[in-house]
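For reference, protein_7.cif is printed below; it contains mmCIF, C-alpha atoms and all ligand atoms.
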data_start
loop_
_atom_site.label_atom_id
_atom_site.label_comp_id
_atom_site.auth_asym_id
_atom_site.auth_seq_id
_atom_site.Cartn_x
_atom_site.Cartn_y
_atom_site.Cartn_z
CA MET A 1 -6.64 -40.78 -4.90
CA ILE A 2 -5.41 -39.44 -1.51
CA LEU A 3 -8.26 -41.24 0.27
CA ARG A 4 -7.29 -44.50 -1.43
CA SER A 5 -3.64 -44.05 -0.35
CA ILE A 6 -4.73 -43.37 3.25
CA LYS A 7 -6.98 -46.44 3.20
CA LYS A 8 -4.09 -48.51 1.80
CA ALA A 9 -1.70 -47.23 4.49
CA ILE A 10 -4.21 -47.94 7.29
CA LYS A 11 -4.64 -51.48 5.96
CA LYS A 12 -0.90 -52.04 5.61
CA PHE A 13 0.36 -50.51 8.85
CA ILE A 14 -2.56 -50.90 11.28
CA ILE A 15 -5.13 -53.49 10.24
CA PHE A 16 -2.78 -56.11 8.78
CA PRO A 17 -0.23 -56.16 11.67
CA PHE A 18 -3.12 -56.15 14.16
CA ARG A 19 -4.67 -59.16 12.43
CA GLN A 20 -1.35 -60.98 12.64
CA LEU A 21 -1.07 -60.24 16.36
CA THR A 22 -4.60 -61.32 17.09
CA ALA A 23 -4.53 -64.34 14.77
CA PRO A 24 -6.80 -67.02 16.16
CA LYS A 25 -5.15 -70.18 17.42
CA LYS A 26 -5.11 -72.78 14.70
CA LYS A 27 -8.28 -74.84 15.00
CA LYS A 28 -6.99 -78.39 14.79
CA PHE A 29 -10.24 -80.05 13.72
CA CYS A 30 -13.51 -78.71 12.37
CA ASN A 31 -15.13 -82.07 13.12
CA GLN A 32 -16.68 -82.30 9.66
CA GLN A 33 -15.94 -85.37 7.58
CA ILE A 34 -16.49 -83.32 4.43
CA PRO A 35 -15.02 -79.87 5.07
CA LYS A 36 -17.46 -77.00 4.74
CA ILE A 37 -16.62 -74.11 2.43
CA LYS A 38 -15.72 -71.07 4.48
CA TYR A 39 -14.85 -68.03 2.41
CA THR A 40 -15.99 -64.46 2.79
CA ASP A 41 -14.01 -62.36 0.26
CA GLY A 42 -16.71 -62.90 -2.37
CA SER A 43 -16.34 -62.91 -6.14
CA TRP A 44 -12.98 -61.75 -7.46
CA LEU A 45 -14.21 -61.62 -11.04
CA THR A 46 -14.13 -57.83 -11.41
CA ILE A 47 -11.32 -57.20 -8.92
CA ALA A 48 -7.67 -56.78 -9.93
CA THR A 49 -5.36 -59.75 -9.55
CA THR A 50 -3.81 -59.67 -6.05
CA PRO A 51 -0.10 -58.68 -5.77
CA ASP A 52 0.85 -62.16 -4.53
CA GLN A 53 -0.95 -63.87 -7.42
CA GLN A 54 0.66 -61.32 -9.77
CA ARG A 55 4.14 -62.19 -8.45
CA ILE A 56 3.51 -65.88 -9.12
CA GLU A 57 2.40 -65.05 -12.67
CA ASP A 58 5.50 -62.88 -13.16
CA TYR A 59 7.75 -65.68 -11.87
CA LEU A 60 6.21 -68.21 -14.28
CA THR A 61 6.41 -65.73 -17.15
CA LEU A 62 10.14 -65.32 -16.48
CA GLN A 63 10.53 -69.11 -16.52
CA GLN A 64 8.98 -69.08 -20.01
CA ILE A 65 6.94 -72.15 -19.12
CA THR A 66 5.61 -74.15 -22.05
CA VAL A 67 3.62 -77.37 -22.44
CA LYS A 68 3.10 -77.55 -18.69
CA GLN A 69 0.01 -79.06 -17.10
CA ILE A 70 -0.95 -76.45 -14.51
CA LEU A 71 -3.52 -76.41 -11.72
CA HIS A 72 -4.45 -72.87 -10.74
CA ILE A 73 -6.23 -72.63 -7.39
CA GLY A 74 -8.53 -69.61 -6.91
CA THR A 75 -9.69 -68.66 -10.41
CA GLY A 76 -10.55 -65.02 -9.63
CA ASN A 77 -10.66 -62.98 -12.84
CA SER A 78 -8.97 -65.76 -14.90
CA SER A 79 -5.84 -63.61 -15.42
CA PHE A 80 -3.70 -66.70 -14.89
CA ALA A 81 -5.36 -68.68 -17.69
CA LYS A 82 -5.38 -65.71 -20.05
CA LYS A 83 -1.63 -65.39 -19.59
CA PHE A 84 -0.60 -69.04 -19.92
CA HIS A 85 -3.26 -71.00 -21.85
CA ALA A 86 -1.75 -70.45 -25.29
CA THR A 87 1.34 -72.53 -24.55
CA ASN A 88 0.22 -74.62 -21.54
CA PHE A 89 -2.77 -76.64 -20.25
CA ILE A 90 -4.60 -74.90 -17.43
CA ASP A 91 -7.14 -76.34 -15.00
CA SER A 92 -8.49 -73.90 -12.45
CA ILE A 93 -10.75 -74.31 -9.43
CA THR A 94 -13.04 -71.87 -7.68
CA ILE A 95 -15.99 -71.99 -5.33
CA VAL A 96 -17.57 -68.83 -6.76
CA ASP A 97 -20.25 -69.32 -9.44
CA ASP A 98 -19.65 -66.18 -11.49
CA GLU A 99 -15.88 -66.82 -11.64
CA LEU A 100 -16.70 -70.32 -12.94
CA ASP A 101 -19.30 -69.07 -15.46
CA TYR A 102 -16.93 -66.39 -16.77
CA ALA A 103 -14.02 -68.85 -17.09
CA ILE A 104 -16.19 -71.26 -19.09
CA ALA A 105 -17.63 -68.46 -21.24
CA LEU A 106 -14.11 -67.33 -22.19
CA ASN A 107 -13.87 -70.58 -24.15
CA LEU A 108 -10.07 -70.37 -24.21
CA PRO A 109 -8.19 -73.31 -25.72
CA ASN A 110 -6.46 -75.48 -23.08
CA TYR A 111 -8.45 -73.91 -20.23
CA ARG A 112 -10.88 -75.78 -17.99
CA CYS A 113 -12.49 -74.50 -14.81
CA PHE A 114 -14.14 -76.59 -12.07
CA LYS A 115 -16.15 -75.74 -8.98
CA LEU A 116 -14.33 -77.58 -6.20
CA ASN A 117 -13.47 -77.08 -2.54
CA LYS A 118 -9.68 -77.39 -2.36
CA TYR A 119 -9.81 -78.51 1.29
CA SER A 120 -11.89 -81.57 0.36
CA ASN A 121 -10.70 -84.90 -1.03
CA ASP A 122 -12.76 -84.21 -4.18
CA LEU A 123 -9.53 -82.61 -5.33
CA LEU A 124 -8.18 -86.07 -6.05
CA ARG A 125 -10.92 -86.53 -8.66
CA LEU A 126 -9.17 -84.04 -10.94
CA PRO A 127 -8.48 -85.94 -14.15
CA VAL A 128 -4.74 -85.38 -14.62
CA LYS A 129 -1.46 -84.94 -12.78
CA TYR A 130 0.27 -81.55 -12.80
CA ASP A 131 3.70 -80.08 -13.43
CA ILE A 132 2.76 -76.95 -11.47
CA ILE A 133 0.13 -76.17 -8.83
CA SER A 134 -0.27 -72.46 -8.13
CA ASP A 135 -2.06 -71.38 -4.95
CA ASN A 136 -1.43 -67.92 -3.48
CA ASN A 137 -3.78 -68.51 -0.51
CA LEU A 138 -2.82 -71.91 0.86
CA SER A 139 -4.33 -71.64 4.35
CA SER A 140 -6.21 -68.34 4.03
CA PHE A 141 -9.66 -69.94 3.86
CA ALA A 142 -9.01 -73.18 5.75
CA CYS A 143 -11.74 -74.54 7.99
CA CYS A 144 -9.17 -76.27 10.21
CA GLN A 145 -5.58 -77.47 10.35
CA GLN A 146 -6.45 -81.10 9.63
CA HIS A 147 -8.13 -80.30 6.32
CA PHE A 148 -5.43 -77.79 5.40
CA GLU A 149 -2.74 -80.45 5.91
CA GLU A 150 -4.79 -82.96 3.91
CA MET A 151 -5.01 -80.42 1.10
CA MET A 152 -1.22 -79.98 1.07
CA ARG A 153 -0.73 -83.76 0.86
CA ASN A 154 -3.38 -83.95 -1.89
CA TYR A 155 -1.53 -81.23 -3.84
CA PHE A 156 1.63 -83.29 -3.50
CA ALA A 157 -0.19 -86.42 -4.69
CA LEU A 158 -1.50 -84.50 -7.71
CA LEU A 159 2.01 -83.46 -8.76
CA LYS A 160 3.96 -85.31 -11.41
CA PRO A 161 7.48 -86.37 -10.39
CA ASN A 162 9.61 -83.18 -10.38
CA GLY A 163 6.46 -81.06 -10.35
CA TYR A 164 6.10 -78.18 -7.90
CA ILE A 165 3.66 -76.12 -5.88
CA ILE A 166 4.19 -72.37 -6.13
CA THR A 167 2.95 -69.91 -3.53
CA ASP A 168 3.77 -66.52 -2.03
CA LYS A 169 4.69 -65.37 1.49
CA LYS A 170 2.10 -62.59 1.44
CA GLY A 171 -0.74 -65.05 0.86
CA MET A 172 0.73 -67.35 3.51
CA ALA A 173 0.25 -64.56 6.04
CA TYR A 174 -3.22 -63.55 4.86
CA HIS A 175 -6.09 -65.37 6.51
CA GLN A 176 -9.75 -64.88 7.16
CA ASP A 177 -10.97 -64.70 10.74
CA PHE A 178 -11.73 -68.42 11.04
CA ALA A 179 -8.41 -69.46 9.38
CA PHE A 180 -4.71 -69.03 10.16
CA PRO A 181 -1.35 -67.96 8.67
CA ILE A 182 1.42 -70.46 7.94
CA THR A 183 5.20 -70.37 7.67
CA VAL A 184 7.66 -72.26 5.49
CA ASP A 185 8.63 -74.29 8.59
CA ASP A 186 4.98 -75.37 9.03
CA LEU A 187 4.97 -76.57 5.42
CA LYS A 188 8.23 -78.47 5.89
CA ILE A 189 6.65 -80.47 8.71
CA ILE A 190 3.60 -81.35 6.58
CA LEU A 191 5.66 -82.31 3.52
CA PRO A 192 9.00 -83.64 4.85
CA GLU A 193 9.80 -85.26 1.50
CA ALA A 194 9.56 -81.98 -0.43
CA LYS A 195 12.42 -79.74 -1.48
CA PHE A 196 11.84 -76.05 -0.69
CA SER A 197 13.33 -73.05 -2.43
CA ILE A 198 12.53 -69.46 -1.64
CA GLN A 199 13.16 -66.38 -3.74
CA GLU A 200 12.08 -63.23 -1.89
CA HIS A 201 8.29 -63.67 -1.74
CA THR A 202 8.02 -66.75 -3.91
CA VAL A 203 8.01 -70.19 -2.30
CA ILE A 204 8.52 -73.31 -4.42
CA ILE A 205 7.71 -76.74 -2.99
CA GLU A 206 9.14 -79.40 -5.23
CA LYS A 207 8.39 -83.12 -5.56
CA LYS A 208 11.97 -84.01 -6.25
CA LEU A 209 13.01 -87.43 -7.49
CA ASP A 210 16.56 -88.11 -6.32
C1 LIG A 301 -9.52 -63.40 -2.89
S1 LIG A 301 -9.87 -64.35 -4.34
C2 LIG A 301 -8.28 -64.31 -5.15
C3 LIG A 301 -8.34 -64.62 -6.62
C4 LIG A 301 -6.96 -64.77 -7.29
N1 LIG A 301 -6.31 -65.99 -6.88
C5 LIG A 301 -6.08 -63.59 -6.97
O1 LIG A 301 -5.28 -63.71 -6.03
O2 LIG A 301 -6.20 -62.54 -7.65
C6 LIG A 301 -9.92 -66.00 -3.64
C7 LIG A 301 -10.14 -67.11 -4.64
O3 LIG A 301 -10.02 -68.34 -3.93
C8 LIG A 301 -11.12 -69.17 -4.23
N2 LIG A 301 -11.40 -70.02 -3.05
C9 LIG A 301 -11.69 -69.64 -1.79
N3 LIG A 301 -11.89 -70.71 -1.01
C10 LIG A 301 -11.71 -71.80 -1.80
C11 LIG A 301 -11.79 -73.20 -1.58
N4 LIG A 301 -12.09 -73.69 -0.38
N5 LIG A 301 -11.56 -74.02 -2.62
C12 LIG A 301 -11.25 -73.53 -3.85
N6 LIG A 301 -11.16 -72.21 -4.13
C13 LIG A 301 -11.39 -71.37 -3.11
C14 LIG A 301 -12.25 -68.24 -4.56
O4 LIG A 301 -13.20 -68.92 -5.37
C15 LIG A 301 -11.50 -67.13 -5.30
O5 LIG A 301 -11.32 -67.48 -6.65
#
Would you encode the structure as structure tokens?
Ligand SMILES: C[S@@+](CC[C@H](N)C(=O)[O-])C[C@H]1O[C@@H](n2cnc3c(N)ncnc32)[C@H](O)[C@@H]1O
Amino acid sequence: MILRSIKKAIKKFIIFPFRQLTAPKKKKFCNQQIPKIKYTDGSWLTIATTPDQQRIEDYLTLQQITVKQILHIGTGNSSFAKKFHATNFIDSITIVDDELDYAIALNLPNYRCFKLNKYSNDLLRLPVKYDIISDNNLSSFACCQQHFEEMMRNYFALLKPNGYIITDKKGMAYHQDFAFPITVDDLKIILPEAKFSIQEHTVIIEKKLD
């Protein structure tokens, strides 16, 4: 218990700020036409939902969302689908086989899971448009800035009018060694037509029809 608290404190106060300071410069291009998957956190199937993902789920629970078509990026342990499938339609994507297998084996009504690299244009092959796209790790696993920006525009294209992307500031800061953090201002440049609203950690990026 004490050891876990010490480990947590070291991560929070030493490792995490150090990573922010030494963040690699954004790689503009990876020079791959089809972006390669770059992800090193491994399967999240048996790991607890991250705090940023949890906050998104709490926010949507408070909104009492119903009959929404939702795209959940980063399936993990399928907590998102378990929470919302009964009254909504959930598609989820992952690049990890056992997360996919588990999601399919759950056999939940209104829940589909696909193996798909979110930084690739394959995203546009998803069969429907969405009211909500939830992604707590927008740039965390990005191969390069170009493909990250393409992904953001693809998310926007996948939204229904008045739909929104929901993310969290913690995940926007988290990045793997090859990737980079992003700010709300970065996102405003990529999606100038979007309307942004921020509530503490939660960031909402809306496709507003005026
Ligand atoms: C650290 S786990 C987090 C799981 C869950 N979202 C949470 O926060 O509890 C990262 C998730 O992102 C997914 N992922 C990583 N890179 C991806 C990519 N390029 N395209 C789609 N999913 C990706 C992984 O498959 C995994 O489900």
Residues near region 55-70 of chain A, anyone? I mean within 12 Å using all atoms listed in the file, not counting same-chain ones fewer than 4 positions away, as a PyMOL selection string.
chain A and resi 49-51+78-93+110-113+126-137+155+158-160+162-171+198-204
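Separating CA of Asn77 (chain A) from CA of Asp98 (chain A) is a distance of 9.6 Å.
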Is it possible to get the axis-aligned box enclosing ligand LIG 301 (chain A) (all listed atoms, 5 Å extra per side) as JSON, with centre and edge lengths in Å rounded to one decimal?
{"center_x": -9.2, "center_y": -68.3, "center_z": -4.0, "size_x": 17.9, "size_y": 21.5, "size_z": 17.3}
Could you give me the residues within 9 Å of ligand LIG 301 (chain A), counting only C-alpha atoms and all ligand atoms, as a ChimeraX atom specification?
/A:35-45,47-54,72-80,92-97,99-100,115-120,134-137,140-143,171
Straight-line distance linking CA of Cys30 (chain A) with CA of Phe180 (chain A), stated in Å to one decimal:
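These two atoms are separated by 13.3 Å.
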Pick from A:Asp177, A:Glu150, A:Glu193, A:Glu206 nearest to Leu123 (chain A), counting only C-alpha atoms
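Checking each of A:Asp177, A:Glu150, A:Glu193, A:Glu206 against Leu123 (chain A), counting only C-alpha atoms, the winner is A:Glu150.
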CA of Pro181 (chain A) to CA of Lys11 (chain A), distance in Å rounded to a single decimal
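Distance reported for this atom pair: 17.0 Å.
Nearest residue to Ala157 (chain A), choosing from A:Pro109, A:Leu191, A:Phe196, A:Lys7 and counting only C-alpha atoms: A:Leu191.
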Between A:Lys28, A:Lys195, A:Arg4, A:Lys12, single out the one closest to Cys144 (chain A), counting all atoms listed in the file.
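Of the candidates, the smallest distance to Cys144 (chain A) is held by A:Lys28.
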Quick one: of A:Lys207, A:Phe178, A:Gln146, A:Pro161, who's nearest to Gln33 (chain A), counting all atoms listed in the file?
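Closest to Gln33 (chain A), using all atoms listed in the file: A:Gln146.
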